[in-house]
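Asker: Below: one structure in structure tokens.
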Amino acid sequence: MLSLENVSTGYGRVRVVHDISLHVPEGSLFAVMGNNGAGKTTLLRAVLGLRPAKKGKILFQGEDITKAKTFQRVRRGLAYVPQGQQAFGQLSTRENLQLIADQYGSAGHKRVNEALDLFPALKDLLGRRAGLLSGGQRQQLAIARALISGPKMIVLDEPTEGIQPSVVHEIEQAIAALVSSGLSVLMVEQHVGFALGIASDYLVMASGRAVSEGQGGAAAAESVRAAMAL
Amino acid sequence: MDAAIAQLIAGVSLGSILLLAALGLSLTFGQMGVINNAHGEFMMAGAYTSYCVAQVIPDPTWALWISLPVGFLVGGLLGLVLEVALIQRMRLRPLDTLLATFGVALVLQQLAKDIFGPQPVYAQAPGWLSGPVEILGQSVPATRVFIFFLAIFAVAALYAVLRLTPLGRQIRAAMQNRDLAEASGISTRGVDHVTFFLGSGIAGLAGVAATLMDAISFNLGTGKIVDAFLVVVAGGVGQLKGAIIAAFGLGLLQAGIEYSTSTSLAKVLVFLAVVVFLQVRPQGLVALRTRSLA
Ligand SMILES: Nc1ncnc2c1ncn2[C@@H]1O[C@H](COP(=O)(O)OP(=O)(O)OP(=O)(O)O)[C@@H](O)[C@H]1O
Ligand SMILES: [Mg+2]
């Protein structure tokens, strides 16, 4: 579904991500872990084209998208839920959803209803400005927005960061359900237990480099924790 | 009492003129984060469009109704060309844009001088706009009433586009968070083009309206850009609501001061008032309010 080949990127002259290669098979979840500042978000931004890849190649469904603009990648079926519960704060919850649905006609509006069924808490908040939602509500909105584009693959950056435990569980369940429904996922997650529980493959980053990789499952937890402690 | 009503009417009228000049600038400033110094020249282009249309269509009423959309189109296309050719290449370099668009303004002025001559020209207003109208016991020039309604129409139309259409949602989204908009499948470049077309088109429309009150000359825009800029900054960048309040606020203020002093002194005092106001409230009247967003 998605392959990175020796991707390097950064900010200005500063390289933050070095030679990362990974492959996300169709219908599975790939987890990226690592300590704060390891370069995980920067890597995901390169996947979406929000940072240009200075080196390497990005293939999506077999096609080279290394030079494609962000919105073109999204229209090809890549959806992004950025770190930090982002939404268009001045737009209402409904408008945040419509903004995506508008691009897909009646299919888009049908997916709005599906997304609202996945996160029923949003139903009562449709008229409220997204900037006034709580962090957890905004994160649900962000995932809902990503789903409305009818993606083939979804890129999640720390979906449960800074969210209260009860809502964390809801979000984890929603992600697990998406994976078992056949969606491909590339996810950055600090919560090692949760990530390895649903990941088929993982990668640990430190200082922008891959320091450990392997297959998911509870058995991997020890080597992941060891790699993160380095 | 009569004096107060007279000032009120003069203020509202001034406010609607200010608003027409500032509305488009507020939109392009909000979207691109840069001041387009050629905005006033797009108004001038709209005004000369009105003059050209009047040469082809002798009936002043028809000429006016046709000038309004054509002036919008001319302003919009000029804006689109400027955005694609220049402003887009200078993203995140506001100072360069300020200078470059200033240069474009000078070029457009010279061009107008070459084509239409240095002397002012006139577009004849329709007969039904020539006399005064009685409002609250005051006689007000009908052209001013017309401009008031035109300003209201422009605001309502822009508001409807921004609030009710998919395009409007995209414009507002891109204004707030470009990266997130791109990641939502929106071509922010495309949105820039459309926004600049709309904002500059409104300048063209304002230029057509200006012909109802003033002579048309190559430097018609120079005076207007400063006023428009004051309104945009006082209102809060990219804030439609702020621009509306600021335009009428400044219009009333100026009319009030003008009444007891002179027009030019009133302008200076209004300018000072805005400077002082911005010391107290640098973000303008209406500021973005969000809980905690990038
Ligand atoms: N906009 C930026 N400009 C310059 N440097 C940046 C920028 N954003 C991040 N960095 C730097 O790049 C490095 C990697 O940051 P990144 O956000 O990718 O880390 P991360 O692994 O996602 O961390 P966290 O777990 O805290 O989210 C850090 O050293 C950071 O300081
Ligand atoms: Mg991060």
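Chain labels follow the order of the structure tokens: the first chain is A, the next B, and so on; residue numbering restarts at 1 in every chain, and ligands are counted from 1 in their shown order.
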Could you tell me, as an MDAnalysis selection string, which residues of segment 108-185 of chain A DSSP assigns to helix (DSSP H, G or I) when given the backbone?
Answerer: chainID A and resid 108:118 120:125 130:132 135:148 165:180
Asker: Per residue of chain A within 9 Å of ligand 1, what are the shortest atom pair and its distance in Å to one decimal, counting only C-alpha atoms and all ligand atoms, with rows by chain and residue number, as a tab-separated table?
Answerer:
residue	atom	partner	partner_atom_place_in_ligand_line	distance
A:Gly10	CA	ligand 1	12 (O)	6.9
A:Tyr11	CA	ligand 1	4 (C)	5.0
A:Gly12	CA	ligand 1	4 (C)	7.4
A:Val14	CA	ligand 1	5 (N)	7.5
A:Arg15	CA	ligand 1	12 (O)	8.1
A:Val16	CA	ligand 1	12 (O)	5.3
A:Val17	CA	ligand 1	14 (C)	7.6
A:Met33	CA	ligand 1	21 (O)	8.1
A:Gly34	CA	ligand 1	21 (O)	6.3
A:Asn35	CA	ligand 1	25 (O)	5.6
A:Asn36	CA	ligand 1	25 (O)	3.4
A:Gly37	CA	ligand 1	19 (O)	3.4
A:Ala38	CA	ligand 1	21 (O)	3.8
A:Gly39	CA	ligand 1	18 (O)	3.2
A:Lys40	CA	ligand 1	21 (O)	3.8
A:Thr41	CA	ligand 1	22 (O)	3.6
A:Thr42	CA	ligand 1	18 (O)	3.7
A:Leu43	CA	ligand 1	18 (O)	6.4
A:Leu44	CA	ligand 1	18 (O)	8.1
A:Arg45	CA	ligand 1	18 (O)	8.3
A:Gln83	CA	ligand 1	27 (O)	7.2
A:Gly84	CA	ligand 1	27 (O)	8.9
A:Asp157	CA	ligand 1	22 (O)	8.0
A:Glu158	CA	ligand 1	27 (O)	7.7
A:Val188	CA	ligand 1	22 (O)	8.1
A:Glu189	CA	ligand 1	25 (O)	8.5
A:Gln190	CA	ligand 1	25 (O)	7.5
A:Met205	CA	ligand 1	21 (O)	7.8
A:Ala206	CA	ligand 1	21 (O)	8.2
A:Ser207	CA	ligand 1	14 (C)	7.7
A:Gly208	CA	ligand 1	14 (C)	7.2
Asker: Distance cut-off 7 Å, counting only C-alpha atoms - which residues of chain B neighbour chain A? Return them as a list of chain:residue names.
Answerer: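 Filtering chain B at 7 Å from chain A with only C-alpha atoms gives B:Pro166, B:Arg169, B:Gln170, B:Ala173, B:Gln176, B:Asp179, B:Glu182, B:Ala183, B:Ser184, B:Gly185, B:Ile186, B:Ser187, B:Thr290, B:Arg291, B:Leu293.
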Asker: Could you write those residues out with N, CA, C and O atoms, as a short mmCIF file (atom, residue, chain, number, x, y, z; two decimals), in the first residue's frame?
Answerer:
data_model
loop_
_atom_site.label_atom_id
_atom_site.label_comp_id
_atom_site.auth_asym_id
_atom_site.auth_seq_id
_atom_site.Cartn_x
_atom_site.Cartn_y
_atom_site.Cartn_z
N PRO B 166 -19.54 25.61 -0.50
CA PRO B 166 -18.32 24.82 -0.33
C PRO B 166 -17.07 25.68 -0.55
O PRO B 166 -16.11 25.56 0.21
N ARG B 169 -16.34 27.68 2.55
CA ARG B 169 -15.74 26.85 3.61
C ARG B 169 -14.27 26.63 3.32
O ARG B 169 -13.43 26.67 4.23
N GLN B 170 -13.94 26.41 2.05
CA GLN B 170 -12.54 26.17 1.71
C GLN B 170 -11.70 27.43 1.94
O GLN B 170 -10.58 27.34 2.44
N ALA B 173 -11.24 27.81 5.68
CA ALA B 173 -10.35 26.77 6.20
C ALA B 173 -8.90 27.10 5.84
O ALA B 173 -8.00 27.03 6.69
N GLN B 176 -7.38 29.77 7.94
CA GLN B 176 -7.06 29.44 9.32
C GLN B 176 -5.85 28.54 9.47
O GLN B 176 -5.06 28.68 10.40
N ASP B 179 -1.84 24.10 6.22
CA ASP B 179 -1.41 22.70 6.17
C ASP B 179 -2.60 21.76 6.37
O ASP B 179 -2.75 20.77 5.66
N GLU B 182 -4.69 21.69 3.22
CA GLU B 182 -4.10 20.82 2.20
C GLU B 182 -4.33 19.36 2.55
O GLU B 182 -4.69 18.55 1.71
N ALA B 183 -4.12 19.05 3.83
CA ALA B 183 -4.30 17.68 4.28
C ALA B 183 -5.77 17.27 4.28
O ALA B 183 -6.10 16.11 4.48
N SER B 184 -6.66 18.23 4.06
CA SER B 184 -8.08 17.93 3.92
C SER B 184 -8.46 17.82 2.45
O SER B 184 -9.64 17.86 2.11
N GLY B 185 -7.46 17.77 1.57
CA GLY B 185 -7.74 17.58 0.15
C GLY B 185 -8.02 18.86 -0.61
O GLY B 185 -8.51 18.84 -1.72
N ILE B 186 -7.70 20.01 0.02
CA ILE B 186 -7.99 21.28 -0.62
C ILE B 186 -6.71 21.84 -1.24
O ILE B 186 -5.67 21.89 -0.60
N SER B 187 -6.81 22.26 -2.50
CA SER B 187 -5.67 22.91 -3.14
C SER B 187 -5.61 24.35 -2.65
O SER B 187 -6.38 25.20 -3.09
N THR B 290 -9.87 31.04 19.61
CA THR B 290 -9.91 29.58 19.61
C THR B 290 -9.35 29.11 20.92
O THR B 290 -8.67 29.85 21.63
N ARG B 291 -9.59 27.85 21.21
CA ARG B 291 -9.16 27.36 22.50
C ARG B 291 -7.67 27.12 22.53
O ARG B 291 -6.97 27.59 23.38
N LEU B 293 -5.28 26.18 19.23
CA LEU B 293 -5.08 25.55 17.94
C LEU B 293 -3.84 26.10 17.27
O LEU B 293 -3.45 27.24 17.50
#
Asker: Mind checking which residues fall within 7 Å of Ala210 of chain A, counting only C-alpha atoms, ignoring those fewer than 6 positions away in the same chain, and posting them as a compact mmCIF listing (two decimals) with N, CA, C and O atoms, in the first residue's frame?
Answerer:
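Writing done, so here's result35.txt:
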# COMPACT_ATOMS: atom_id res chain seq x y z
N ILE A 20 14.90 6.63 6.27
CA ILE A 20 13.88 5.72 6.79
C ILE A 20 13.26 4.93 5.64
O ILE A 20 12.83 5.50 4.64
N LEU A 203 8.29 0.10 13.87
CA LEU A 203 9.61 0.71 13.69
C LEU A 203 9.83 1.63 14.88
O LEU A 203 8.92 2.36 15.27
N VAL A 204 11.01 1.59 15.46
CA VAL A 204 11.33 2.53 16.54
C VAL A 204 12.36 3.52 16.01
O VAL A 204 13.36 3.11 15.40
Asker: Under the rule that only C-alpha atoms are counted, which of B:Val56, B:Val34, B:Val231, B:Leu14 is the nearest residue to Leu278 of chain B?
Answerer: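 When distances to Leu278 of chain B are compared using only C-alpha atoms, the smallest one comes from B:Val231.
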Asker: Let me make sure I understand: among A:Pro159, A:Gly197, A:Gly214, A:Gly108, which one has the smallest atom-to-atom distance to ligand 2 if we use only C-alpha atoms and all ligand atoms?
Answerer: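 Ranking A:Pro159, A:Gly197, A:Gly214, A:Gly108 by distance to ligand 2, first place goes to A:Pro159.
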Asker: Give me the residues within 12 Å of Trp65 of chain B as a ChimeraX atom specification, counting only C-alpha atoms and dropping any in the same chain fewer than 3 places off.
Answerer: /B:50,53-54,57,59-62,68-72,125-126,150,205,208-209
Asker: Where in segment 35-85 of chain A does DSSP assign strand (DSSP E), given as a ChimeraX atom specification?
Answerer: /A:55-60,63-64,78-81
Asker: Report, in Å with one decimal, the straight-line distance from atom CA of Ala218 of chain A to atom CA of Gln140 of chain A.
Answerer: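 Separating atom CA of Ala218 of chain A from atom CA of Gln140 of chain A is a distance of 26.6 Å.
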Asker: Work out how far apart atom CA of Glu172 of chain A and atom CA of Leu126 of chain A are and give it in Å to one decimal.
Answerer: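 If I compute the distance from atom CA of Glu172 of chain A to atom CA of Leu126 of chain A, I get 22.8 Å.
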Asker: To one decimal place, how far is atom CA of Val232 of chain B from atom CA of Ala22 of chain B in Å?
Answerer: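 Spanning atom CA of Val232 of chain B to atom CA of Ala22 of chain B is a straight-line distance of 6.3 Å.
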Asker: Excluding segment 250-254 of chain B and residues on its chain fewer than 5 positions from it, collect all residues at most 7 Å away from it, counting only C-alpha atoms, and give them as number ranges by chain.
Answerer: B: 8, 11-12, 14-15, 266-267, 270
Asker: Here is a test: counting only C-alpha atoms and all ligand atoms, which residue of A:Met187, A:Gly27, A:Ile175, A:Glu170 is nearest to ligand 2?
Answerer: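 Closest to ligand 2 of all the choices is A:Met187.
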Asker: Hey, what's within 12 Å of Ser13 of chain B if we count only C-alpha atoms and toss same-chain stuff fewer than 3 positions away? As JSON, numbers by chain, please?
Answerer: {"B": [6, 7, 8, 9, 10, 16, 17, 18, 19, 20, 140, 141, 142, 143, 144, 145, 146, 147, 148, 149, 150, 151, 152, 213, 247, 248, 249, 250, 251, 252, 253, 254, 255]}
Asker: Give me the residues within 12 Å of Gly76 of chain B as a PyMOL selection string, counting only C-alpha atoms and dropping any in the same chain fewer than 6 places off.
Answerer: chain B and resi 24+28+39+41-43+45-46+69-70+82-83+193-206
Asker: For the residues in that selection, give me C-alpha atoms as a PDB file, in the first residue's frame.
Answerer:
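Wrote out_29.pdb, looks like this:
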ATOM      1  CA  GLY B  24     -11.847  43.123  -0.853  1.00  0.00           C
ATOM      2  CA  THR B  28      -7.019  39.155   0.297  1.00  0.00           C
ATOM      3  CA  HIS B  39      -5.719  47.310  -4.479  1.00  0.00           C
ATOM      4  CA  GLU B  41      -5.417  50.704  -8.650  1.00  0.00           C
ATOM      5  CA  PHE B  42      -7.894  47.870  -9.115  1.00  0.00           C
ATOM      6  CA  MET B  43     -10.510  50.377  -7.963  1.00  0.00           C
ATOM      7  CA  ALA B  45      -9.454  50.078 -13.168  1.00  0.00           C
ATOM      8  CA  GLY B  46     -13.077  49.576 -12.159  1.00  0.00           C
ATOM      9  CA  PRO B  69     -20.411  43.290 -13.115  1.00  0.00           C
ATOM     10  CA  VAL B  70     -17.868  44.212 -15.806  1.00  0.00           C
ATOM     11  CA  LEU B  82      -1.088  39.771 -10.100  1.00  0.00           C
ATOM     12  CA  GLU B  83      -1.514  36.847  -7.728  1.00  0.00           C
ATOM     13  CA  HIS B 193      -6.443  32.307  -6.879  1.00  0.00           C
ATOM     14  CA  VAL B 194     -10.170  32.407  -6.215  1.00  0.00           C
ATOM     15  CA  THR B 195      -9.804  34.551  -3.114  1.00  0.00           C
ATOM     16  CA  PHE B 196      -7.682  37.064  -4.937  1.00  0.00           C
ATOM     17  CA  PHE B 197     -10.119  37.144  -7.816  1.00  0.00           C
ATOM     18  CA  LEU B 198     -13.033  37.826  -5.452  1.00  0.00           C
ATOM     19  CA  GLY B 199     -11.226  40.423  -3.347  1.00  0.00           C
ATOM     20  CA  SER B 200      -9.906  42.311  -6.352  1.00  0.00           C
ATOM     21  CA  GLY B 201     -13.268  42.039  -8.063  1.00  0.00           C
ATOM     22  CA  ILE B 202     -14.858  43.825  -5.113  1.00  0.00           C
ATOM     23  CA  ALA B 203     -12.225  46.550  -5.577  1.00  0.00           C
ATOM     24  CA  GLY B 204     -13.341  46.882  -9.204  1.00  0.00           C
ATOM     25  CA  LEU B 205     -16.933  47.149  -8.029  1.00  0.00           C
ATOM     26  CA  ALA B 206     -15.939  49.832  -5.532  1.00  0.00           C
TER      27      ALA B 206
END
